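*Asks:* Here it is, the structure, as structure tokens.
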Amino acid sequence: MLRALTSALRLPRLWSPLRTRSCVSHRPTGDPEIQVRALTGRDQGITEILMNRPSARNALGNVLVSELLEALAQLREDQQVRVLLFRSGVKGVFCAGADLKEREQMSEAEVEIFVQRLRGLMNEIASSAVMGLIETTRGLLPGAGGTQRLPRCLGVALAKELIFTGRRLSGAQAHALGLVNHAVSQNEEGNAAYYRARELAQEILPQAPIAVRLGKVAIDRGMEVDIESGMAIEGLCYAQNIPTQDRLEGMAAFREKRPPRFVGK
């Protein structure tokens, strides 16, 4: 059960394009639309997924979704990954949302299949046992889980207002509403949000990886049930942390007044 709850991720050590299946509206060959990189040095344990589809402002089309799903599947096998960052290689934009131009060329059956895959991608990011940062979309794309996630995040009334009006929000507005945890002033390079997210990732890195993963599981699953059931979920998660080496190491480090050396076991 521990493996099921804390399945780790695997990633190459250098930028590495991932192959994707051929899709109905794209050629089977071409430049990859994502790259993955494992950081080194003081950032070892942080992995980045770079989205790079400048022609469509990183809109989520068949190829991009396929590559993201494949990357996440591969990452789950690497026990060295502690924190996962999503970032954009296109200046001035993170993700333009669903690729409506591509969808216009799909049949009704293809649209249904694609939306299911898009919803699956959002679920995969949200439920990943590894801490995922810059979950900028938060699965809030209409048709991809937005009608279910947004009310849980903001409440029913405000979720309806935003979905019914299709209103666009600035970073400051999203921060004020609680859609994002942090809003930062942009720098000349246009990557201020990335560096803020990286700083947050560096704060997470020293923490016990199993405890972080199980904490995410307890929070995500507990929020979907009543408080009594949530407490039971927390208890199950903590029970799986008890026999780990990391828990004993944390206690020893506290007693000896030294930094802990967690190994993820």
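Identifiers for the structure tokens are assigned positionally: chains receive A, B, ... in sequence, residues are indexed from 1 per chain, and ligands are indexed from 1 in the order shown.
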Name all residues at most 6 Å from A:Asn58 (count only C-alpha atoms; drop same-chain ones fewer than 3 positions away) and give them as a count of residues only.

*Replies:* 3

*Asks:* Using only C-alpha atoms, determine which residues lie at most 9 Å from stretch 222-229 of chain A, disregarding the query and same-chain residues fewer than 5 positions distant; provide the list as an MDAnalysis selection string.

*Replies:* chainID A and resid 152 217 234

*Asks:* Run DSSP on the backbone of this structure and report the residues of stretch 49-223 of chain A it assigns to strand (DSSP E), as a VMD selection string.

*Replies:* chain A and resid 49 to 51 83 to 88 131 to 133

*Asks:* How far is it from atom CA of A:Lys160 to atom CA of A:Gln148, in Å with one decimal?

*Replies:* 10.7 Å

*Asks:* To test your reading of the structure, identify every residue in stretch 35-245 of chain A that backbone DSSP assigns to helix (DSSP H, G or I), and report it as a PyMOL selection string.

*Replies:* chain A and resi 41-43+54-56+62-75+100-104+108-127+146-154+156-165+171-177+192-204+209-222+227-241+245

*Asks:* I'd like the neighbourhood of A:Asp99 as a list in words, where a residue qualifies if any of its atoms comes within 7 Å (using only C-alpha atoms), though same-chain residues fewer than 6 positions away should be ignored.

*Replies:*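 Everything that qualifies: Ala59, Leu60 and Gly61 of chain A.
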
*Asks:* Go through A:Ala183, A:Val93, A:Leu72, A:Leu248 one by one, measure the shortest atom-to-atom distance of each to A:Gly120 using only C-alpha atoms, and give the residue with the smallest value.

*Replies:*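 Ranking A:Ala183, A:Val93, A:Leu72, A:Leu248 by distance to A:Gly120, first place goes to A:Leu72.
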
*Asks:* What are the closest atom pairs, with distances in Å to one decimal, for each residue of stretch 205-244 of chain A lying within 12 Å of stretch 79-87 of chain A, using only C-alpha atoms, rows by chain and rising residue number, as CSV?

*Replies:*
residue,atom,partner,partner_atom,distance
A:Leu205,CA,A:Arg82,CA,6.5
A:Pro206,CA,A:Arg82,CA,9.4
A:Gln207,CA,A:Arg82,CA,9.3
A:Ala208,CA,A:Arg82,CA,9.4
A:Pro209,CA,A:Arg82,CA,6.4
A:Ile210,CA,A:Arg82,CA,9.4
A:Ala211,CA,A:Arg82,CA,11.2
A:Val212,CA,A:Arg82,CA,8.9
A:Arg213,CA,A:Arg82,CA,8.9

*Asks:* Using the selection just defined, write its residues with N, CA, C and O atoms as a PDB file, in the first residue's frame.

*Replies:*
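The resulting file, selection-v4.pdb, is reproduced below:
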ATOM      1  N   LEU A 205      12.344  20.674  -0.392  1.00  0.00           N
ATOM      2  CA  LEU A 205      13.384  19.659  -0.576  1.00  0.00           C
ATOM      3  C   LEU A 205      13.909  19.053   0.728  1.00  0.00           C
ATOM      4  O   LEU A 205      14.075  17.835   0.809  1.00  0.00           O
ATOM      5  N   PRO A 206      14.204  19.836   1.773  1.00  0.00           N
ATOM      6  CA  PRO A 206      14.794  19.231   2.978  1.00  0.00           C
ATOM      7  C   PRO A 206      13.812  18.400   3.794  1.00  0.00           C
ATOM      8  O   PRO A 206      14.236  17.690   4.707  1.00  0.00           O
ATOM      9  N   GLN A 207      12.533  18.472   3.484  1.00  0.00           N
ATOM     10  CA  GLN A 207      11.544  17.769   4.287  1.00  0.00           C
ATOM     11  C   GLN A 207      11.528  16.280   3.933  1.00  0.00           C
ATOM     12  O   GLN A 207      11.947  15.877   2.851  1.00  0.00           O
ATOM     13  N   ALA A 208      11.032  15.474   4.860  1.00  0.00           N
ATOM     14  CA  ALA A 208      10.988  14.027   4.647  1.00  0.00           C
ATOM     15  C   ALA A 208      10.092  13.712   3.447  1.00  0.00           C
ATOM     16  O   ALA A 208       8.900  14.016   3.478  1.00  0.00           O
ATOM     17  N   PRO A 209      10.626  13.094   2.394  1.00  0.00           N
ATOM     18  CA  PRO A 209       9.843  12.911   1.168  1.00  0.00           C
ATOM     19  C   PRO A 209       8.609  12.029   1.345  1.00  0.00           C
ATOM     20  O   PRO A 209       7.564  12.311   0.757  1.00  0.00           O
ATOM     21  N   ILE A 210       8.714  10.978   2.137  1.00  0.00           N
ATOM     22  CA  ILE A 210       7.546  10.112   2.331  1.00  0.00           C
ATOM     23  C   ILE A 210       6.464  10.854   3.084  1.00  0.00           C
ATOM     24  O   ILE A 210       5.274  10.767   2.739  1.00  0.00           O
ATOM     25  N   ALA A 211       6.851  11.619   4.093  1.00  0.00           N
ATOM     26  CA  ALA A 211       5.869  12.388   4.857  1.00  0.00           C
ATOM     27  C   ALA A 211       5.191  13.430   3.970  1.00  0.00           C
ATOM     28  O   ALA A 211       3.979  13.663   4.080  1.00  0.00           O
ATOM     29  N   VAL A 212       5.949  14.068   3.076  1.00  0.00           N
ATOM     30  CA  VAL A 212       5.369  15.059   2.166  1.00  0.00           C
ATOM     31  C   VAL A 212       4.363  14.394   1.238  1.00  0.00           C
ATOM     32  O   VAL A 212       3.250  14.886   1.029  1.00  0.00           O
ATOM     33  N   ARG A 213       4.739  13.253   0.676  1.00  0.00           N
ATOM     34  CA  ARG A 213       3.852  12.565  -0.258  1.00  0.00           C
ATOM     35  C   ARG A 213       2.578  12.093   0.430  1.00  0.00           C
ATOM     36  O   ARG A 213       1.471  12.250  -0.087  1.00  0.00           O
TER      37      ARG A 213
END
